[in-house]
Amino acid sequence: MHAYPYTITISSEKGGVGKTTLATNLAIYLKAMREDLPVTILSFDNHFTIDKMFELQKRKEDAPDVHALLMGAKAGEVVQTGQYGVGYIRSSTELGDIHERFKGPMTLTRMLAESGISGIVIIDTRPDLNILTQNALYAADRVLIPVKDLPSLENCKNIFALFDQRGIDKKSLALIPCLIDSRIKFEGVFKDQKSLLRAIAVNRGYRCLDTYISKSPKVESLNTNPEGKIYPILTHARGTEVHGQFMEITRDILRSVDATKETRACLYHTWLLEKEAHKKESYLARLEGLAERCLICGALLAEHSDDRSFYFETSDRTARGFLHGNCVSSMLCSTLYGLQQNDPTFDAARALVADKATRVVSLLVPRISSETSRLDYRQFSMAGEHLLQKDLEMPGFDAGEFDGIHDRLYLLLNEALAGFEGALRKESWLSVYPVDPGNPEAILHEESYKTIHRLQKHFAEAILSI
Ligand SMILES: Nc1ncnc2c1ncn2[C@@H]1O[C@H](COP(=O)(O)OP(=O)(O)OP(=O)(O)O)[C@@H](O)[C@H]1O
Ligand SMILES: [Mg+2]
Ligand SMILES: [Zn+2]
């Protein structure tokens, strides 16, 4: 069974509100209260607080860190066993260049899902909403947003707005009043800092935890000592109010963890796998319907497969398959320039045509009436730009005559578009795409095939408009 983590992200655009204190201590309380639950912590900040707090041995220079995780490393490679039984991923100063990879909002969710990390993952973020923070927000089953005053409460609106923009359910988001100074008292309805913050939050439609975290000189002193260490609240500030508050927050989190059947990472990964399976199925189906022969020379492609340089498809998708590069360029050379194969200039002209043909899509639309047989030939760029049009006569086509010039064209049209009793299927046409002869099937992969779809729609409109 694949393991997926339950992800908790601590985020606030405001600096110094207690994010890192909350993230690190929450990890320790979770582990203490649920020993068998793996807890892993990581930070997108470069303060190395996580490392200082959890490191058992001194960091080796090239030890894999958060950067490695974001490059796709697996749990076993990046998660270190740390103090208090908490797993941690080393912090990195190299996250600046990672943004390119994180254009999409769900990249981190996928990476966490694929990493194989189990239990709980806690992500401490930087005080901003850069793409990494956004990814951490979308990956989270729970987002805790510490607020300590009105400006930090004001800032929350950006996080909520992000979720609104993307149409993501905001039920994972919750504020938690932090650094609450119980000595501050107000006159009137709201007697203290936390009641005021909570009232404003609720008034704005933000969910707020029942618990809060008090400001405590003892807690503040935990990272200021001669040893340069950072001590946990659980072991070094048990006597404080904050200890009880952390117990309460941890219980609340554990209740959510227990109530969650499928985490965000699991849901997203399952969805991705289904999409992949569907893509693969469609690809296999597309492979299956291909013509066995090159419709121009008639050779079996399995036997003469070295020069599959073009892919063709009819507008009704009845016929699809690969064509030899040589066959297509010879056909175009004869059709466009009226040259016969034994013409002295044929080879030179064909080389020119062949070169151009690898960059353009050819559209072949037969226009057959009782009086004439003509071919509407057009070239488009792969981006769909119309490059060329030629209106060509097809002498003797109707009578099934070959004249040494149009033979290949007639063969292709007849083979691909033949309908009942030898007549061409009405309104149908043919498009021919250059492919990589080293891997012609790649054109049938989801993304490239989408391009063909788009072009064909575009062609159908172009043809209709005449
Ligand atoms: N409950 C508390 N009581 C007193 N001081 C606290 C408490 N929680 C955190 N602090 C102190 O407040 C300061 C900021 O805390 P912390 O580093 O956790 O905030 P942060 O939001 O992570 O900051 P940054 O945005 O810079 O990453 C630290 O000096 C920390 O020791
Ligand atoms: Mg911090
Ligand atoms: Zn051929």
# chains A, B, ... in the order shown; residues from 1 in each chain; ligands from 1
call {"tool": "residues_near_ligand", "arguments": {"ligand": "ligand 1", "cutoff": "8 Å", "atoms": "only C-alpha atoms and all ligand atoms", "output": "ChimeraX atom specification"}}
result
/A:12-23,45,47,124-127,146,178-180,213-223,242
call {"tool": "write_last_selection", "arguments": {"atoms": "N, CA and C atoms", "output": "mmCIF file, in the first residue's frame"}}
result
data_model
loop_
_atom_site.group_PDB
_atom_site.id
_atom_site.type_symbol
_atom_site.label_atom_id
_atom_site.label_comp_id
_atom_site.auth_asym_id
_atom_site.auth_seq_id
_atom_site.Cartn_x
_atom_site.Cartn_y
_atom_site.Cartn_z
ATOM 1 N N SER A 12 1.895 32.475 7.284
ATOM 2 C CA SER A 12 1.437 33.847 7.506
ATOM 3 C C SER A 12 2.419 34.746 6.781
ATOM 4 N N GLU A 13 1.877 35.750 6.113
ATOM 5 C CA GLU A 13 2.755 36.665 5.389
ATOM 6 C C GLU A 13 3.538 37.560 6.343
ATOM 7 N N LYS A 14 3.006 37.653 7.549
ATOM 8 C CA LYS A 14 3.625 38.510 8.549
ATOM 9 C C LYS A 14 4.788 37.748 9.203
ATOM 10 N N GLY A 15 5.914 38.400 9.373
ATOM 11 C CA GLY A 15 7.051 37.765 10.024
ATOM 12 C C GLY A 15 6.911 37.824 11.543
ATOM 13 N N GLY A 16 7.577 36.904 12.227
ATOM 14 C CA GLY A 16 7.653 36.964 13.684
ATOM 15 C C GLY A 16 6.350 36.752 14.428
ATOM 16 N N VAL A 17 5.397 36.034 13.825
ATOM 17 C CA VAL A 17 4.133 35.791 14.527
ATOM 18 C C VAL A 17 4.147 34.467 15.296
ATOM 19 N N GLY A 18 5.237 33.708 15.156
ATOM 20 C CA GLY A 18 5.339 32.439 15.887
ATOM 21 C C GLY A 18 5.145 31.205 15.025
ATOM 22 N N LYS A 19 5.304 31.333 13.718
ATOM 23 C CA LYS A 19 5.135 30.186 12.802
ATOM 24 C C LYS A 19 6.092 29.045 13.147
ATOM 25 N N THR A 20 7.384 29.408 13.201
ATOM 26 C CA THR A 20 8.387 28.365 13.397
ATOM 27 C C THR A 20 8.258 27.738 14.789
ATOM 28 N N THR A 21 7.956 28.564 15.782
ATOM 29 C CA THR A 21 7.753 28.044 17.137
ATOM 30 C C THR A 21 6.581 27.062 17.139
ATOM 31 N N LEU A 22 5.511 27.424 16.436
ATOM 32 C CA LEU A 22 4.332 26.555 16.371
ATOM 33 C C LEU A 22 4.654 25.263 15.617
ATOM 34 N N ALA A 23 5.314 25.395 14.473
ATOM 35 C CA ALA A 23 5.595 24.221 13.636
ATOM 36 C C ALA A 23 6.477 23.207 14.380
ATOM 37 N N ASP A 45 12.053 27.999 4.887
ATOM 38 C CA ASP A 45 12.855 29.155 5.283
ATOM 39 C C ASP A 45 14.323 28.721 5.356
ATOM 40 N N HIS A 47 16.400 29.696 7.850
ATOM 41 C CA HIS A 47 16.898 30.037 9.176
ATOM 42 C C HIS A 47 17.601 28.865 9.872
ATOM 43 N N ASP A 124 6.820 24.404 7.593
ATOM 44 C CA ASP A 124 6.992 25.774 8.078
ATOM 45 C C ASP A 124 7.357 26.618 6.860
ATOM 46 N N THR A 125 6.642 27.723 6.651
ATOM 47 C CA THR A 125 6.886 28.502 5.431
ATOM 48 C C THR A 125 7.554 29.836 5.752
ATOM 49 N N ARG A 126 7.970 30.491 4.715
ATOM 50 C CA ARG A 126 8.548 31.840 4.859
ATOM 51 C C ARG A 126 7.413 32.854 5.008
ATOM 52 N N PRO A 127 7.735 34.022 5.580
ATOM 53 C CA PRO A 127 6.663 35.025 5.714
ATOM 54 C C PRO A 127 6.342 35.714 4.387
ATOM 55 N N PRO A 146 -1.053 31.743 12.132
ATOM 56 C CA PRO A 146 -0.928 32.486 13.383
ATOM 57 C C PRO A 146 -1.197 33.979 13.151
ATOM 58 N N CYS A 178 -1.892 34.115 18.366
ATOM 59 C CA CYS A 178 -0.577 33.752 18.924
ATOM 60 C C CYS A 178 0.025 34.943 19.655
ATOM 61 N N LEU A 179 1.000 34.654 20.488
ATOM 62 C CA LEU A 179 1.726 35.696 21.228
ATOM 63 C C LEU A 179 0.748 36.616 21.954
ATOM 64 N N ILE A 180 -0.256 35.983 22.561
ATOM 65 C CA ILE A 180 -1.295 36.732 23.254
ATOM 66 C C ILE A 180 -0.791 37.156 24.646
ATOM 67 N N ILE A 213 -2.350 30.852 21.670
ATOM 68 C CA ILE A 213 -1.051 30.650 22.326
ATOM 69 C C ILE A 213 -0.636 31.940 23.026
ATOM 70 N N SER A 214 -0.353 31.798 24.295
ATOM 71 C CA SER A 214 0.006 32.993 25.074
ATOM 72 C C SER A 214 1.454 33.392 24.826
ATOM 73 N N LYS A 215 1.688 34.653 25.078
ATOM 74 C CA LYS A 215 3.072 35.129 25.039
ATOM 75 C C LYS A 215 3.689 34.795 26.392
ATOM 76 N N SER A 216 4.830 34.142 26.322
ATOM 77 C CA SER A 216 5.448 33.740 27.583
ATOM 78 C C SER A 216 6.942 34.016 27.538
ATOM 79 N N PRO A 217 7.455 34.726 28.556
ATOM 80 C CA PRO A 217 8.892 35.015 28.586
ATOM 81 C C PRO A 217 9.715 33.722 28.621
ATOM 82 N N LYS A 218 9.151 32.707 29.262
ATOM 83 C CA LYS A 218 9.853 31.421 29.355
ATOM 84 C C LYS A 218 10.027 30.832 27.947
ATOM 85 N N VAL A 219 8.932 30.874 27.190
ATOM 86 C CA VAL A 219 8.992 30.326 25.822
ATOM 87 C C VAL A 219 9.978 31.132 24.980
ATOM 88 N N GLU A 220 9.943 32.426 25.167
ATOM 89 C CA GLU A 220 10.840 33.285 24.391
ATOM 90 C C GLU A 220 12.301 32.967 24.696
ATOM 91 N N SER A 221 12.550 32.571 25.955
ATOM 92 C CA SER A 221 13.940 32.325 26.359
ATOM 93 C C SER A 221 14.484 30.992 25.836
ATOM 94 N N LEU A 222 13.580 30.163 25.267
ATOM 95 C CA LEU A 222 14.026 28.817 24.879
ATOM 96 C C LEU A 222 15.038 28.815 23.734
ATOM 97 N N ASN A 223 15.061 29.898 22.970
ATOM 98 C CA ASN A 223 16.089 29.922 21.919
ATOM 99 C C ASN A 223 17.176 30.957 22.192
ATOM 100 N N VAL A 242 1.443 27.929 28.007
ATOM 101 C CA VAL A 242 1.643 27.555 26.598
ATOM 102 C C VAL A 242 1.686 26.025 26.436
#
call {"tool": "residues_around", "arguments": {"residues": "Gly396 of chain A", "least_positions_apart": "2", "cutoff": "12 Å", "atoms": "only C-alpha atoms", "output": "list of chain:residue names"}}
result
A:Ile368, A:Glu371, A:Thr372, A:Ser373, A:Arg374, A:Glu393, A:Met394, A:Asp398, A:Ala399, A:Gly400, A:Glu401, A:Phe402, A:Asp403, A:Gly404, A:Ile405, A:His406, A:Asp407, A:Tyr410
call {"tool": "write_last_selection", "arguments": {"atoms": "C-alpha atoms", "output": "PDB file, in the first residue's frame"}}
result
ATOM      1  CA  ILE A 368     -14.765  15.942 -57.204  1.00  0.00           C
ATOM      2  CA  GLU A 371     -17.225  17.683 -64.598  1.00  0.00           C
ATOM      3  CA  THR A 372     -13.823  17.883 -62.925  1.00  0.00           C
ATOM      4  CA  SER A 373     -11.584  16.270 -60.374  1.00  0.00           C
ATOM      5  CA  ARG A 374      -9.444  18.805 -58.578  1.00  0.00           C
ATOM      6  CA  GLU A 393      -6.154  19.376 -61.577  1.00  0.00           C
ATOM      7  CA  MET A 394      -6.297  15.625 -61.235  1.00  0.00           C
ATOM      8  CA  ASP A 398     -12.230   9.599 -61.911  1.00  0.00           C
ATOM      9  CA  ALA A 399     -11.479   7.029 -64.561  1.00  0.00           C
ATOM     10  CA  GLY A 400      -8.799   5.440 -62.408  1.00  0.00           C
ATOM     11  CA  GLU A 401      -6.016   6.283 -64.840  1.00  0.00           C
ATOM     12  CA  PHE A 402      -2.395   6.675 -63.872  1.00  0.00           C
ATOM     13  CA  ASP A 403      -0.245   9.162 -65.744  1.00  0.00           C
ATOM     14  CA  GLY A 404       3.152   8.733 -64.141  1.00  0.00           C
ATOM     15  CA  ILE A 405       2.889  12.069 -62.354  1.00  0.00           C
ATOM     16  CA  HIS A 406      -0.109  11.732 -60.106  1.00  0.00           C
ATOM     17  CA  ASP A 407       0.141   8.004 -59.378  1.00  0.00           C
ATOM     18  CA  TYR A 410      -4.187   8.971 -56.518  1.00  0.00           C
TER      19      TYR A 410
END
call {"tool": "select_by_dssp", "arguments": {"residues": "segment 104-174 of chain A", "states": "strand (DSSP E or B)", "output": "MDAnalysis selection string"}}
result
chainID A and resid 120:124 142:147 173:174
call {"tool": "write_last_selection", "arguments": {"atoms": "C-alpha atoms", "output": "JSON list (two decimals), in the first residue's frame"}}
result
[["chain", "number", "residue", "atom", "x", "y", "z"],
["A", 120, "ILE", "CA", 2.12, 13.72, 9.40],
["A", 121, "VAL", "CA", 4.16, 16.30, 7.50],
["A", 122, "ILE", "CA", 4.50, 19.77, 8.97],
["A", 123, "ILE", "CA", 5.62, 22.55, 6.66],
["A", 124, "ASP", "CA", 6.99, 25.77, 8.08],
["A", 142, "ARG", "CA", -4.82, 21.76, 7.64],
["A", 143, "VAL", "CA", -3.41, 25.25, 7.37],
["A", 144, "LEU", "CA", -2.69, 27.08, 10.62],
["A", 145, "ILE", "CA", -2.38, 30.84, 10.27],
["A", 146, "PRO", "CA", -0.93, 32.49, 13.38],
["A", 147, "VAL", "CA", -2.21, 36.02, 13.99],
["A", 173, "LEU", "CA", -7.79, 27.16, 6.75],
["A", 174, "ALA", "CA", -7.91, 28.25, 10.37]]
call {"tool": "closest_atom_pairs", "arguments": {"of": "chain A", "to": "ligand 3", "cutoff": "10 Å", "atoms": "only C-alpha atoms and all ligand atoms", "output": "tab-separated table"}}
result
residue	atom	partner	partner_atom_place_in_ligand_line	distance
A:Arg293	CA	ligand 3	1 (Zn)	7.7
A:Cys294	CA	ligand 3	1 (Zn)	4.5
A:Leu295	CA	ligand 3	1 (Zn)	6.6
A:Ile296	CA	ligand 3	1 (Zn)	5.1
A:Cys297	CA	ligand 3	1 (Zn)	4.0
A:Gly298	CA	ligand 3	1 (Zn)	6.2
A:Ala299	CA	ligand 3	1 (Zn)	6.0
A:Leu300	CA	ligand 3	1 (Zn)	8.5
A:Leu301	CA	ligand 3	1 (Zn)	8.1
A:His304	CA	ligand 3	1 (Zn)	8.2
A:Ser305	CA	ligand 3	1 (Zn)	9.3
A:Asp307	CA	ligand 3	1 (Zn)	8.3
A:Arg308	CA	ligand 3	1 (Zn)	8.3
A:Ser309	CA	ligand 3	1 (Zn)	10.0
A:Phe322	CA	ligand 3	1 (Zn)	8.8
A:Leu323	CA	ligand 3	1 (Zn)	5.6
A:His324	CA	ligand 3	1 (Zn)	4.3
A:Gly325	CA	ligand 3	1 (Zn)	7.4
A:Asn326	CA	ligand 3	1 (Zn)	6.9
A:Cys327	CA	ligand 3	1 (Zn)	4.8
A:Val328	CA	ligand 3	1 (Zn)	7.6
A:Ser330	CA	ligand 3	1 (Zn)	9.9
A:Arg408	CA	ligand 3	1 (Zn)	9.5
call {"tool": "write_last_selection", "arguments": {"atoms": "C-alpha atoms", "output": "compact mmCIF listing (two decimals), in the first residue's frame"}}
result
# COMPACT_ATOMS: atom_id res chain seq x y z
CA ARG A 293 0.90 -0.36 -44.83
CA CYS A 294 2.29 2.86 -46.22
CA LEU A 295 -0.69 3.83 -48.37
CA ILE A 296 1.56 5.30 -51.07
CA CYS A 297 3.95 2.42 -51.81
CA GLY A 298 1.83 -0.32 -50.26
CA ALA A 299 4.76 -1.79 -48.30
CA LEU A 300 4.06 -3.36 -44.91
CA LEU A 301 5.33 -0.88 -42.32
CA HIS A 304 9.90 -1.31 -43.96
CA SER A 305 9.61 0.76 -40.83
CA ASP A 307 11.47 5.72 -42.79
CA ARG A 308 8.16 6.43 -41.05
CA SER A 309 8.43 10.21 -41.29
CA PHE A 322 2.36 6.35 -41.02
CA LEU A 323 3.83 7.09 -44.43
CA HIS A 324 7.39 6.78 -45.67
CA GLY A 325 9.29 10.06 -45.90
CA ASN A 326 10.46 9.16 -49.36
CA CYS A 327 6.96 8.31 -50.55
CA VAL A 328 5.48 11.61 -49.30
CA SER A 330 8.09 12.03 -54.09
CA ARG A 408 1.22 8.35 -55.76
call {"tool": "closest_atom_pairs", "arguments": {"of": "segment 266-320 of chain A", "to": "segment 445-452 of chain A", "cutoff": "12 Å", "atoms": "only C-alpha atoms", "output": "tab-separated table"}}
result
residue	atom	partner	partner_atom	distance
A:Lys275	CA	A:Glu446	CA	10.8
A:Glu276	CA	A:Glu446	CA	9.7
A:Ala277	CA	A:Glu446	CA	11.4
A:His278	CA	A:Glu446	CA	9.8
A:Lys279	CA	A:Glu446	CA	6.2
A:Lys280	CA	A:His445	CA	8.2
A:Glu281	CA	A:Glu446	CA	10.2
A:Ser282	CA	A:Glu446	CA	7.9
A:Tyr283	CA	A:His445	CA	5.9
A:Leu284	CA	A:His445	CA	9.2
A:Ala285	CA	A:His445	CA	10.9
A:Arg286	CA	A:His445	CA	8.9
A:Leu287	CA	A:His445	CA	9.6
A:Tyr311	CA	A:Ile452	CA	10.2
A:Phe312	CA	A:Ile452	CA	10.1
A:Glu313	CA	A:Ile452	CA	9.3
A:Thr314	CA	A:Ile452	CA	11.5
A:Ser315	CA	A:Ile452	CA	11.0
A:Arg317	CA	A:Ile452	CA	11.6
call {"tool": "atom_distance", "arguments": {"atom1": "atom CA of Ile98 of chain A", "atom2": "atom CA of His67 of chain A"}}
result
7.9 Å
call {"tool": "atom_distance", "arguments": {"atom1": "atom CA of Lys194 of chain A", "atom2": "atom CA of Pro151 of chain A"}}
result
14.1 Å
call {"tool": "atom_distance", "arguments": {"atom1": "atom CA of Met331 of chain A", "atom2": "atom CA of Ser465 of chain A"}}
result
27.1 Å
call {"tool": "residues_around", "arguments": {"residues": "segment 25-33 of chain A", "least_positions_apart": "5", "cutoff": "8 Å", "atoms": "only C-alpha atoms", "output": "JSON, numbers by chain"}}
result
{"A": [38, 39, 40, 41, 84, 85, 86, 122, 232, 233, 234, 246, 247, 250, 254]}
call {"tool": "select_by_dssp", "arguments": {"residues": "segment 342-414 of chain A", "states": "alpha helix (DSSP H)", "output": "ChimeraX atom specification"}}
result
/A:346-357,407-414
call {"tool": "closest_residue", "arguments": {"among": "A:Met382, A:Ala348, A:Leu364, A:Ala265", "to": "Arg454 of chain A", "atoms": "only C-alpha atoms"}}
result
A:Met382
call {"tool": "residues_around", "arguments": {"residues": "Phe48 of chain A", "least_positions_apart": "6", "cutoff": "10 Å", "atoms": "only C-alpha atoms", "output": "JSON, numbers by chain"}}
result
{"A": [42, 90, 91, 92, 93]}
call {"tool": "write_last_selection", "arguments": {"atoms": "N, CA and C atoms", "output": "compact mmCIF listing (two decimals), in the first residue's frame"}}
result
# COMPACT_ATOMS: atom_id res chain seq x y z
N LEU A 42 9.57 20.04 7.90
CA LEU A 42 10.47 20.67 6.94
C LEU A 42 10.14 22.15 6.88
N ARG A 90 16.38 18.37 6.11
CA ARG A 90 17.29 19.50 6.31
C ARG A 90 16.87 20.71 5.49
N SER A 91 17.10 21.88 6.06
CA SER A 91 16.75 23.12 5.36
C SER A 91 17.76 23.40 4.26
N SER A 92 17.38 24.30 3.37
CA SER A 92 18.25 24.58 2.24
C SER A 92 18.33 26.08 2.01
N THR A 93 19.48 26.52 1.54
CA THR A 93 19.60 27.94 1.18
C THR A 93 19.44 28.08 -0.34
call {"tool": "residues_around", "arguments": {"residues": "Met111 of chain A", "least_positions_apart": "5", "cutoff": "8 Å", "atoms": "only C-alpha atoms", "output": "count of residues only"}}
result
3
call {"tool": "closest_residue", "arguments": {"among": "A:Arg34, A:Ile249, A:Cys156, A:Asn46", "to": "ligand 2", "atoms": "only C-alpha atoms and all ligand atoms"}}
result
A:Asn46
call {"tool": "closest_residue", "arguments": {"among": "A:Ala63, A:Leu108, A:Leu137, A:Ile117", "to": "Thr9 of chain A", "atoms": "only C-alpha atoms"}}
result
A:Leu137
